[in-house]
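structure.txt follows (compact mmCIF, C-alpha atoms):
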```txt
# COMPACT_ATOMS: atom_id res chain seq x y z
CA MET A 2 82.32 79.92 176.80
CA LYS A 3 80.43 78.25 173.99
CA LYS A 4 80.00 81.58 172.35
CA LEU A 5 83.70 82.22 172.66
CA LEU A 6 84.48 78.83 171.10
CA LEU A 7 82.05 79.47 168.32
CA ALA A 8 83.56 82.85 167.70
CA ALA A 9 87.05 81.37 167.77
CA SER A 10 86.16 78.58 165.34
CA LEU A 11 84.40 81.03 163.06
CA ALA A 12 87.44 83.22 163.12
CA GLY A 13 89.49 80.11 162.41
CA LEU A 14 87.27 79.22 159.47
CA MET A 15 87.63 82.68 158.06
CA ALA A 16 91.38 82.49 158.45
CA VAL A 17 91.51 79.22 156.52
CA PRO A 18 94.17 79.86 153.92
CA ALA A 19 92.88 80.59 150.46
CA GLN A 20 93.44 77.64 148.15
CA ALA A 21 96.69 77.93 146.19
CA ALA A 22 95.20 79.32 143.06
CA ASP A 23 95.99 80.39 139.57
CA TYR A 24 94.95 83.80 138.42
CA ALA A 25 94.71 85.31 134.96
CA ILE A 26 95.64 88.96 134.79
CA ASP A 27 92.52 90.94 133.96
CA THR A 28 93.51 92.53 130.68
CA GLN A 29 90.02 91.97 129.27
CA GLY A 30 88.53 94.39 131.78
CA ALA A 31 91.74 96.46 131.77
CA HIS A 32 92.36 96.23 135.49
CA ALA A 33 96.05 95.88 134.92
CA PHE A 34 98.65 98.38 133.82
CA VAL A 35 102.22 98.31 132.62
CA GLN A 36 103.36 101.88 132.91
CA PHE A 37 106.66 103.66 132.91
CA LYS A 38 108.02 107.06 133.69
CA ILE A 39 111.29 108.64 132.66
CA SER A 40 112.73 112.01 133.40
CA HIS A 41 112.59 114.60 130.63
CA LEU A 42 115.83 116.57 130.77
CA GLY A 43 115.72 116.30 134.55
CA TYR A 44 112.85 118.77 134.62
CA SER A 45 109.70 116.68 134.55
CA TRP A 46 108.26 113.16 134.25
CA LEU A 47 107.25 111.64 130.98
CA TYR A 48 104.68 108.86 131.45
CA GLY A 49 103.92 106.06 129.08
CA ARG A 50 102.45 102.61 129.08
CA PHE A 51 102.15 99.38 127.16
CA ASN A 52 98.58 98.83 126.10
CA THR A 53 98.80 95.17 125.13
CA PHE A 54 100.10 92.46 127.43
CA SER A 55 98.97 89.25 129.08
CA GLY A 56 99.99 87.11 131.96
CA ASP A 57 99.01 85.02 134.91
CA PHE A 58 100.13 84.30 138.40
CA SER A 59 99.65 81.72 141.10
CA TYR A 60 99.27 82.99 144.59
CA ASP A 61 98.37 81.79 148.02
CA ALA A 62 98.24 84.27 150.85
CA ASP A 63 99.88 81.79 153.24
CA LYS A 64 102.56 80.61 150.87
CA LEU A 65 103.72 83.88 149.44
CA LYS A 66 107.16 82.43 148.78
CA ASP A 67 105.66 79.94 146.30
CA ALA A 68 103.87 82.60 144.31
CA LYS A 69 104.78 82.92 140.66
CA ILE A 70 104.02 85.39 137.92
CA GLN A 71 104.75 85.64 134.25
CA LEU A 72 103.97 88.54 131.99
CA THR A 73 104.30 89.01 128.23
CA ILE A 74 104.23 92.52 126.82
CA ASP A 75 103.63 93.49 123.19
CA THR A 76 106.32 96.14 122.84
CA SER A 77 104.72 97.69 119.76
CA SER A 78 101.82 98.77 121.97
CA VAL A 79 103.94 101.46 123.62
CA ASP A 80 101.86 104.59 124.12
CA SER A 81 103.21 107.90 125.38
CA ASN A 82 100.32 109.94 124.00
CA HIS A 83 102.34 111.21 121.04
CA ALA A 84 102.30 109.27 117.73
CA GLU A 85 105.64 110.60 116.48
CA ARG A 86 107.37 109.81 119.76
CA ASP A 87 105.80 106.34 119.91
CA LYS A 88 107.05 105.69 116.38
CA HIS A 89 110.52 106.69 117.57
CA LEU A 90 110.20 104.50 120.69
CA ARG A 91 109.31 101.50 118.50
CA SER A 92 112.32 102.11 116.25
CA GLY A 93 115.83 100.71 116.55
CA ASP A 94 116.79 103.71 118.68
CA PHE A 95 114.77 102.32 121.57
CA LEU A 96 112.58 99.20 121.71
CA ASN A 97 113.43 97.74 118.32
CA VAL A 98 109.95 96.20 118.14
CA SER A 99 110.24 94.71 114.66
CA LYS A 100 113.11 92.59 115.93
CA HIS A 101 111.91 92.17 119.52
CA PRO A 102 108.11 92.33 119.46
CA LYS A 103 107.77 90.80 122.94
CA ALA A 104 109.11 91.67 126.35
CA THR A 105 108.66 89.11 129.10
CA PHE A 106 108.97 88.92 132.83
CA VAL A 107 109.17 85.54 134.55
CA SER A 108 109.49 85.51 138.33
CA THR A 109 112.15 83.35 139.95
CA ARG A 110 111.75 83.86 143.70
CA ILE A 111 110.10 86.01 146.32
CA GLU A 112 111.49 87.52 149.48
CA PRO A 113 108.72 88.57 151.86
CA LYS A 114 109.12 91.83 153.70
CA SER A 115 106.99 93.51 156.31
CA GLY A 116 103.22 93.43 155.96
CA ASP A 117 101.98 92.84 152.46
CA LYS A 118 105.25 93.95 150.91
CA PHE A 119 107.73 91.65 149.20
CA ASP A 120 110.58 91.66 146.75
CA LEU A 121 109.78 89.88 143.51
CA TYR A 122 112.84 88.60 141.67
CA GLY A 123 112.64 87.57 138.06
CA ASN A 124 114.11 87.66 134.61
CA LEU A 125 113.09 90.54 132.41
CA THR A 126 113.66 90.17 128.70
CA LEU A 127 113.54 93.50 126.93
CA ASN A 128 115.02 94.44 123.57
CA GLY A 129 116.36 90.90 123.34
CA VAL A 130 118.38 91.21 126.58
CA THR A 131 117.51 89.08 129.60
CA LYS A 132 118.48 90.41 133.00
CA GLU A 133 117.44 89.73 136.56
CA VAL A 134 115.43 92.54 138.11
CA VAL A 135 113.91 93.03 141.54
CA ILE A 136 110.42 94.44 141.72
CA ALA A 137 109.44 96.06 145.00
CA ALA A 138 105.91 94.71 145.21
CA GLU A 139 102.94 94.85 147.47
CA LYS A 140 99.67 93.00 147.70
CA LEU A 141 96.93 95.56 147.61
CA GLY A 142 93.97 93.33 148.32
CA GLU A 143 92.00 90.22 147.47
CA GLY A 144 88.50 88.95 147.78
CA LYS A 145 85.24 88.26 146.03
CA ASP A 146 84.12 90.61 143.32
CA PRO A 147 80.45 91.58 142.92
CA TRP A 148 80.01 89.30 139.87
CA GLY A 149 80.82 85.87 141.30
CA GLY A 150 84.57 85.88 140.78
CA TYR A 151 87.54 86.16 143.07
CA ARG A 152 90.30 88.69 142.55
CA ALA A 153 93.71 89.59 143.92
CA GLY A 154 95.68 92.69 143.11
CA PHE A 155 99.29 93.72 143.35
CA ALA A 156 101.45 96.70 142.52
CA GLY A 157 105.18 96.79 141.96
CA THR A 158 107.93 99.09 140.89
CA THR A 159 111.42 98.65 139.57
CA THR A 160 113.99 100.89 137.97
CA LEU A 161 115.72 99.84 134.77
CA THR A 162 118.91 101.25 133.36
CA LEU A 163 118.31 101.66 129.63
CA LYS A 164 121.88 100.72 128.70
CA ASP A 165 121.49 97.37 130.52
CA PHE A 166 118.92 96.46 127.89
CA ALA A 167 121.01 97.69 124.97
CA ILE A 168 118.98 100.87 124.59
CA ASN A 169 121.86 103.21 123.95
CA THR A 170 120.17 106.34 122.66
CA ASP A 171 121.38 109.19 124.83
CA LEU A 172 118.50 111.10 126.38
CA GLY A 173 120.72 112.94 128.82
CA PRO A 174 122.14 112.22 132.26
CA ALA A 175 118.80 112.48 134.08
CA SER A 176 117.17 110.00 131.72
CA ALA A 177 119.48 107.01 131.89
CA THR A 178 116.94 105.03 133.91
CA VAL A 179 113.26 104.41 133.53
CA GLN A 180 110.87 103.47 136.31
CA LEU A 181 108.55 100.61 135.49
CA ASP A 182 105.27 100.49 137.38
CA LEU A 183 103.14 97.37 137.30
CA SER A 184 99.65 97.23 138.65
CA VAL A 185 97.91 93.92 138.12
CA GLU A 186 94.61 92.47 139.14
CA GLY A 187 94.11 88.76 138.61
CA ILE A 188 90.88 86.81 138.34
CA ARG A 189 91.05 83.36 139.91
CA LYS A 190 90.75 80.67 137.27
CA MET B 9 105.64 136.31 79.67
CA PHE B 10 103.88 134.53 82.54
CA LYS B 11 102.00 131.97 80.51
CA ASN B 12 103.34 129.09 78.48
CA SER B 13 103.03 129.25 74.68
CA LEU B 14 103.07 126.43 72.15
CA THR B 15 106.84 126.71 71.90
CA HIS B 16 108.17 128.02 75.23
CA TYR B 17 107.68 127.97 78.97
CA GLY B 18 106.40 131.10 80.69
CA LEU B 19 107.85 132.52 83.89
CA VAL B 20 105.31 130.85 86.21
CA SER B 21 106.04 127.32 84.99
CA VAL B 22 109.79 127.94 84.96
CA LEU B 23 109.85 129.29 88.51
CA LEU B 24 107.55 126.56 89.81
CA HIS B 25 109.69 123.86 88.19
CA TRP B 26 112.99 125.06 89.65
CA LEU B 27 111.57 126.06 93.00
CA ILE B 28 110.01 122.63 93.53
CA ALA B 29 113.15 120.91 92.24
CA LEU B 30 115.19 122.82 94.81
CA VAL B 31 112.70 122.12 97.60
CA VAL B 32 112.48 118.39 96.79
CA PHE B 33 116.25 117.94 96.99
CA GLY B 34 116.47 120.28 99.99
CA LEU B 35 113.76 118.45 101.93
CA PHE B 36 115.39 115.12 101.10
CA ALA B 37 118.73 116.31 102.46
CA LEU B 38 117.10 117.85 105.52
CA GLY B 39 115.06 114.72 106.20
CA PHE B 40 118.03 112.42 105.67
CA TRP B 41 120.08 114.48 108.12
CA MET B 42 117.48 115.19 110.78
CA VAL B 43 116.43 111.61 111.52
CA ASP B 44 119.84 110.92 113.03
CA LEU B 45 120.14 114.07 115.12
CA SER B 46 120.95 113.46 118.77
CA TYR B 47 118.45 114.48 121.40
CA TYR B 48 120.63 117.33 122.58
CA SER B 49 121.24 118.75 119.10
CA GLU B 50 120.01 122.34 118.82
CA TRP B 51 118.36 121.26 115.55
CA TYR B 52 116.42 118.37 117.12
CA LYS B 53 113.16 120.32 117.19
CA THR B 54 113.86 122.96 114.53
CA ALA B 55 114.80 120.63 111.67
CA PRO B 56 111.55 118.59 111.68
CA TYR B 57 109.56 121.81 112.17
CA TRP B 58 111.12 123.30 109.04
CA HIS B 59 110.85 120.01 107.14
CA LYS B 60 107.10 119.85 107.81
CA SER B 61 106.46 123.56 107.25
CA ILE B 62 108.33 123.65 103.94
CA GLY B 63 106.73 120.35 102.91
CA ILE B 64 103.22 121.73 103.37
CA LEU B 65 104.12 124.92 101.50
CA MET B 66 105.51 122.77 98.69
CA ALA B 67 102.22 120.85 98.61
CA LEU B 68 100.38 124.15 98.11
CA ALA B 69 102.80 125.08 95.33
CA MET B 70 102.17 121.68 93.71
CA ILE B 71 98.42 122.20 93.83
CA PHE B 72 98.86 125.57 92.17
CA ARG B 73 101.24 123.98 89.64
CA LEU B 74 98.63 121.37 88.70
CA CYS B 75 95.98 124.09 88.29
CA TRP B 76 98.40 126.11 86.20
CA ARG B 77 98.85 123.17 83.82
CA PHE B 78 95.19 123.51 82.94
CA ILE B 79 95.20 127.31 82.82
CA SER B 80 98.36 127.40 80.75
CA PRO B 81 99.31 124.01 79.25
CA PRO B 82 102.99 123.27 78.72
CA PRO B 83 104.50 123.76 75.25
CA LYS B 84 104.70 120.94 72.73
CA ALA B 85 107.71 118.68 72.76
CA LEU B 86 110.54 119.70 70.46
CA ALA B 87 110.17 118.36 66.93
CA THR B 88 113.52 116.60 67.24
CA HIS B 89 112.33 114.49 70.19
CA LYS B 90 111.74 110.88 69.23
CA SER B 91 108.44 109.31 70.13
CA TRP B 92 109.98 106.98 72.76
CA GLU B 93 111.57 110.04 74.37
CA LYS B 94 108.21 111.79 74.53
CA GLN B 95 106.51 108.74 76.02
CA LEU B 96 109.30 108.15 78.53
CA SER B 97 109.39 111.78 79.62
CA ALA B 98 105.61 111.87 80.04
CA MET B 99 105.79 108.73 82.19
CA MET B 100 108.62 110.26 84.19
CA GLN B 101 106.66 113.45 84.80
CA LEU B 102 103.71 111.43 85.98
CA CYS B 103 105.93 109.44 88.36
CA LEU B 104 107.53 112.61 89.75
CA TYR B 105 104.15 114.21 90.36
CA LEU B 106 102.83 111.01 91.94
CA GLY B 107 105.94 110.66 94.07
CA ILE B 108 105.64 114.17 95.43
CA THR B 109 101.93 113.60 96.14
CA VAL B 110 102.59 110.36 98.03
CA LEU B 111 105.43 112.00 99.97
CA VAL B 112 103.24 114.86 101.09
CA LEU B 113 100.37 112.55 102.08
CA SER B 114 102.57 110.03 103.91
CA GLY B 115 104.42 112.82 105.72
CA TYR B 116 101.10 114.27 106.80
CA LEU B 117 99.92 110.87 108.07
CA ILE B 118 103.06 110.36 110.22
CA SER B 119 102.52 113.54 112.17
CA THR B 120 98.75 113.57 112.50
CA GLU B 121 97.91 110.06 113.77
CA ASP B 122 97.34 111.28 117.32
CA GLY B 123 95.15 114.23 116.37
CA ARG B 124 97.91 116.83 116.48
CA ALA B 125 97.86 119.45 113.74
CA ILE B 126 100.91 120.34 111.64
CA ALA B 127 102.17 123.86 112.25
CA VAL B 128 103.44 125.64 109.14
CA PHE B 129 105.94 127.99 110.74
CA THR B 130 103.86 130.31 112.91
CA TRP B 131 101.55 131.13 110.05
CA PHE B 132 98.83 128.49 110.09
CA GLU B 133 98.10 124.88 111.01
CA VAL B 134 96.95 121.93 108.95
CA PRO B 135 94.43 120.04 111.07
CA SER B 136 94.66 116.31 111.72
CA LEU B 137 92.17 113.77 110.42
CA GLY B 138 93.08 111.48 113.31
CA ALA B 139 94.14 107.87 112.89
CA LEU B 140 92.83 106.60 109.57
CA PHE B 141 94.30 103.09 109.81
CA GLU B 142 96.25 100.80 112.15
CA ASN B 143 99.93 101.53 112.71
CA GLN B 144 99.48 104.71 110.71
CA ALA B 145 102.64 106.54 111.78
CA ASP B 146 104.87 103.49 111.25
CA ILE B 147 103.44 102.49 107.86
CA ALA B 148 103.35 106.08 106.62
CA GLY B 149 106.93 106.50 107.86
CA LEU B 150 108.13 103.53 105.81
CA VAL B 151 106.27 104.72 102.71
CA HIS B 152 107.71 108.21 103.20
CA GLU B 153 111.23 106.82 103.42
CA TYR B 154 111.07 104.51 100.39
CA VAL B 155 109.20 106.96 98.18
CA ALA B 156 111.71 109.69 99.08
CA TYR B 157 114.61 107.54 97.91
CA SER B 158 112.69 106.57 94.76
CA LEU B 159 111.77 110.17 93.98
CA ILE B 160 115.35 111.36 94.35
CA PHE B 161 116.48 108.51 92.09
CA LEU B 162 113.87 109.40 89.45
CA ALA B 163 114.51 113.14 89.71
CA THR B 164 118.22 112.48 89.18
CA LEU B 165 117.43 110.42 86.07
CA HIS B 166 115.14 113.24 84.91
CA GLY B 167 118.02 115.69 85.35
CA LEU B 168 120.49 113.41 83.60
CA ALA B 169 118.08 113.13 80.67
CA ALA B 170 118.02 116.93 80.42
CA VAL B 171 121.82 117.00 80.49
CA LYS B 172 121.85 114.36 77.75
CA HIS B 173 119.60 116.55 75.60
CA HIS B 174 121.82 119.55 76.23
CA PHE B 175 125.25 118.02 75.63
CA ILE B 176 124.65 114.99 73.44
CA ASP B 177 121.58 115.86 71.38
CA LYS B 178 122.54 119.57 71.59
CA ASP B 179 118.88 120.59 71.48
CA HIS B 180 116.92 123.24 73.36
CA THR B 181 115.23 120.96 75.93
CA LEU B 182 117.16 122.23 78.95
CA LYS B 183 117.48 125.85 77.79
CA ARG B 184 113.73 125.93 77.28
CA MET B 185 113.24 124.99 80.93
CA PHE B 186 115.01 128.24 81.83
CA GLY B 187 112.40 130.17 79.83
CA LYS B 188 114.59 130.64 76.75
CA ARG B 189 112.82 130.87 73.41
CA PRO B 190 114.08 128.45 70.79
```
Represent the structure from my file as structure tokens, please.
Amino acid sequence: MKKLLLAASLAGLMAVPAQAADYAIDTQGAHAFVQFKISHLGYSWLYGRFNTFSGDFSYDADKLKDAKIQLTIDTSSVDSNHAERDKHLRSGDFLNVSKHPKATFVSTRIEPKSGDKFDLYGNLTLNGVTKEVVIAAEKLGEGKDPWGGYRAGFAGTTTLTLKDFAINTDLGPASATVQLDLSVEGIRK
Amino acid sequence: MFKNSLTHYGLVSVLLHWLIALVVFGLFALGFWMVDLSYYSEWYKTAPYWHKSIGILMALAMIFRLCWRFISPPPKALATHKSWEKQLSAMMQLCLYLGITVLVLSGYLISTEDGRAIAVFTWFEVPSLGALFENQADIAGLVHEYVAYSLIFLATLHGLAAVKHHFIDKDHTLKRMFGKRP
């Protein structure tokens, strides 16, 4: 009986909710990625990413609904592994980075779904246009890291229609939308 | 016949001059047109490919042209040319040569930042030197654009000056550029 109690209280201790905590996205160690993919002619995927961004989030496993995240992306850091294409992507035909050097995402609310999945609502500002988007997100894991810190990681995906963000260059019918993939690991502050 | 003399231009200089003049204006028109092509244009890939190929070939012609200046120096200015005309035309020539050089180099830097070589038709490739400075493609692109406009402006002035010599001064300046002996 005592053993059972002990086990139960230990289990209870372990289940004590993590403190509501603020995390900085680990861009220093590059354990976070802002990637995208867009169809090329309807025949294949073209992948790219933004190399420079920063952000933080607050998260508590038991109060998922109160979690918040904000992310700022340096749009000139777009990288699709082709200098000429990246130059074109930075131009007024696409991201217009001289006029809109930053893209931001600020979460507004969260709708939990089954398991570790949730819908993350927020305002995305891209190419000077702010629009609400829903990111289908998932907590991948959290816990101590081997170097004395504490980390939590998430992944999320959303699909953007280029025209919604005033990107009007016609890449063809299969390429009107771009899928944005976020994978972020935060280090507890 | 091939070489320049003290009084006239030989065939090599004449051909190089008009060939490069044609190519400079042609590449400007091609470049001006191709940057606004839509993604589904049949020229979307071909036009830049030709622009780069012809540009590199022009660079080779310019290198040969510079060597040729030393092998066979250009004739003396016409005796009727005033000294300010000689100085101005020498400055103009220098600017045109410099402009073409900067255009070739900046064009090269746009396309080679990521290590890709430039294909000259299917004949050969010019290897990349990689990224030499930050924002290379963007900065080189801006330089390429502004220098192209400047070069076309200067080349037009250069042409107008020749026309002035032909119709107003009624001298042999322009005729001589076609290889005619005075």
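Distance annotation: of A:Glu112, A:Asp165, A:Asp87, A:Glu133, the residue with the minimal separation from chain B is A:Asp87; atom set is only C-alpha atoms.
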Please check the contacts: residues of chain B at most 9 Å away from chain A, using all atoms listed in the file, listed as a count of residues only.
14
Within 8 Å of segment 96-108 of chain B, counting all atoms listed in the file, which residues qualify if same-chain residues fewer than 2 places away don't, as a short mmCIF file (atom, residue, chain, number, x, y, z; two decimals) with C-alpha atoms, in the frame of the given file?
```cif
data_model
loop_
_atom_site.label_atom_id
_atom_site.label_comp_id
_atom_site.auth_asym_id
_atom_site.auth_seq_id
_atom_site.Cartn_x
_atom_site.Cartn_y
_atom_site.Cartn_z
CA TRP B 92 109.98 106.98 72.76
CA GLU B 93 111.57 110.04 74.37
CA LYS B 94 108.21 111.79 74.53
CA VAL B 110 102.59 110.36 98.03
CA LEU B 111 105.43 112.00 99.97
CA VAL B 112 103.24 114.86 101.09
CA VAL B 155 109.20 106.96 98.18
CA ALA B 156 111.71 109.69 99.08
CA SER B 158 112.69 106.57 94.76
CA LEU B 159 111.77 110.17 93.98
CA LEU B 162 113.87 109.40 89.45
CA ALA B 163 114.51 113.14 89.71
CA HIS B 166 115.14 113.24 84.91
#
```
Quick one: pull the distance between atom CA of Gly56 of chain A and atom CA of Leu163 of chain A, Å, one decimal.
23.5 Å
Quick one: residues within 7 Å of Leu161 of chain A, all atoms listed in the file, excluding same-chain residues fewer than 6 positions away - as a list in words?
Thr178, Val179 and Gln180 of chain A
One decimal place gives the atom CA of Ser114 of chain B-atom CA of Thr130 of chain B separation as 22.2 Å
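Atom pair atom CA of Asp63 of chain A / atom CA of Ala33 of chain A has a distance of 23.4 Å (rounded to one decimal).
Comparing the minimum interatomic distances between Lys190 of chain A and each of A:Ala68, A:Ala137, A:Ala153, A:Leu121, counting only C-alpha atoms, we find that A:Ala153 sits nearest.
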Give me the residues near Leu183 of chain A as a compact mmCIF listing (two decimals) with C-alpha atoms, in the coordinates of the input, where near means some atom within 6 Å (using only C-alpha atoms) and where sequence neighbours in that chain fewer than 6 positions away do not count.
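Everything below was put into around.txt:
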```
# COMPACT_ATOMS: atom_id res chain seq x y z
CA PHE A 34 98.65 98.38 133.82
CA VAL A 35 102.22 98.31 132.62
CA ALA A 156 101.45 96.70 142.52
CA GLY A 157 105.18 96.79 141.96
```
Would you mind listing what lies within 8 Å of Leu181 of chain A as a compact mmCIF listing (two decimals) with C-alpha atoms, in the coordinates of the input, with only C-alpha atoms counted and same-chain residues fewer than 3 positions away left out?
```txt
# COMPACT_ATOMS: atom_id res chain seq x y z
CA VAL A 35 102.22 98.31 132.62
CA GLN A 36 103.36 101.88 132.91
CA PHE A 37 106.66 103.66 132.91
CA LYS A 38 108.02 107.06 133.69
CA THR A 158 107.93 99.09 140.89
CA THR A 159 111.42 98.65 139.57
CA THR A 160 113.99 100.89 137.97
CA LEU A 161 115.72 99.84 134.77
```
Need the shell around Arg110 of chain A: protein/DNA/RNA residues with any atom at most 10 Å away, counting only C-alpha atoms. Skip same-chain ones fewer than 6 positions apart. Format as a PyMOL selection string?
chain A and resi 65-70+120-123+135
Write the selection just made, keeping C-alpha atoms, as an mmCIF file, in the coordinates of the input?
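selection_31.cif, written as the output of this step:
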```
data_model
loop_
_atom_site.group_PDB
_atom_site.id
_atom_site.type_symbol
_atom_site.label_atom_id
_atom_site.label_comp_id
_atom_site.auth_asym_id
_atom_site.auth_seq_id
_atom_site.Cartn_x
_atom_site.Cartn_y
_atom_site.Cartn_z
ATOM 1 C CA LEU A 65 103.720 83.880 149.440
ATOM 2 C CA LYS A 66 107.160 82.430 148.780
ATOM 3 C CA ASP A 67 105.660 79.940 146.300
ATOM 4 C CA ALA A 68 103.870 82.600 144.310
ATOM 5 C CA LYS A 69 104.780 82.920 140.660
ATOM 6 C CA ILE A 70 104.020 85.390 137.920
ATOM 7 C CA ASP A 120 110.580 91.660 146.750
ATOM 8 C CA LEU A 121 109.780 89.880 143.510
ATOM 9 C CA TYR A 122 112.840 88.600 141.670
ATOM 10 C CA GLY A 123 112.640 87.570 138.060
ATOM 11 C CA VAL A 135 113.910 93.030 141.540
#
```
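Among the candidate residues B:Ser136, B:Thr54, B:Ser91, B:Thr15, the one lying nearest to Thr181 of chain B is B:Thr15, with distances computed using all atoms listed in the file.
Proximity to Gly18 of chain B was assessed for B:Val32, B:Trp41, B:Pro81, B:Glu142 counting all atoms listed in the file; the smallest distance is recorded for B:Pro81.
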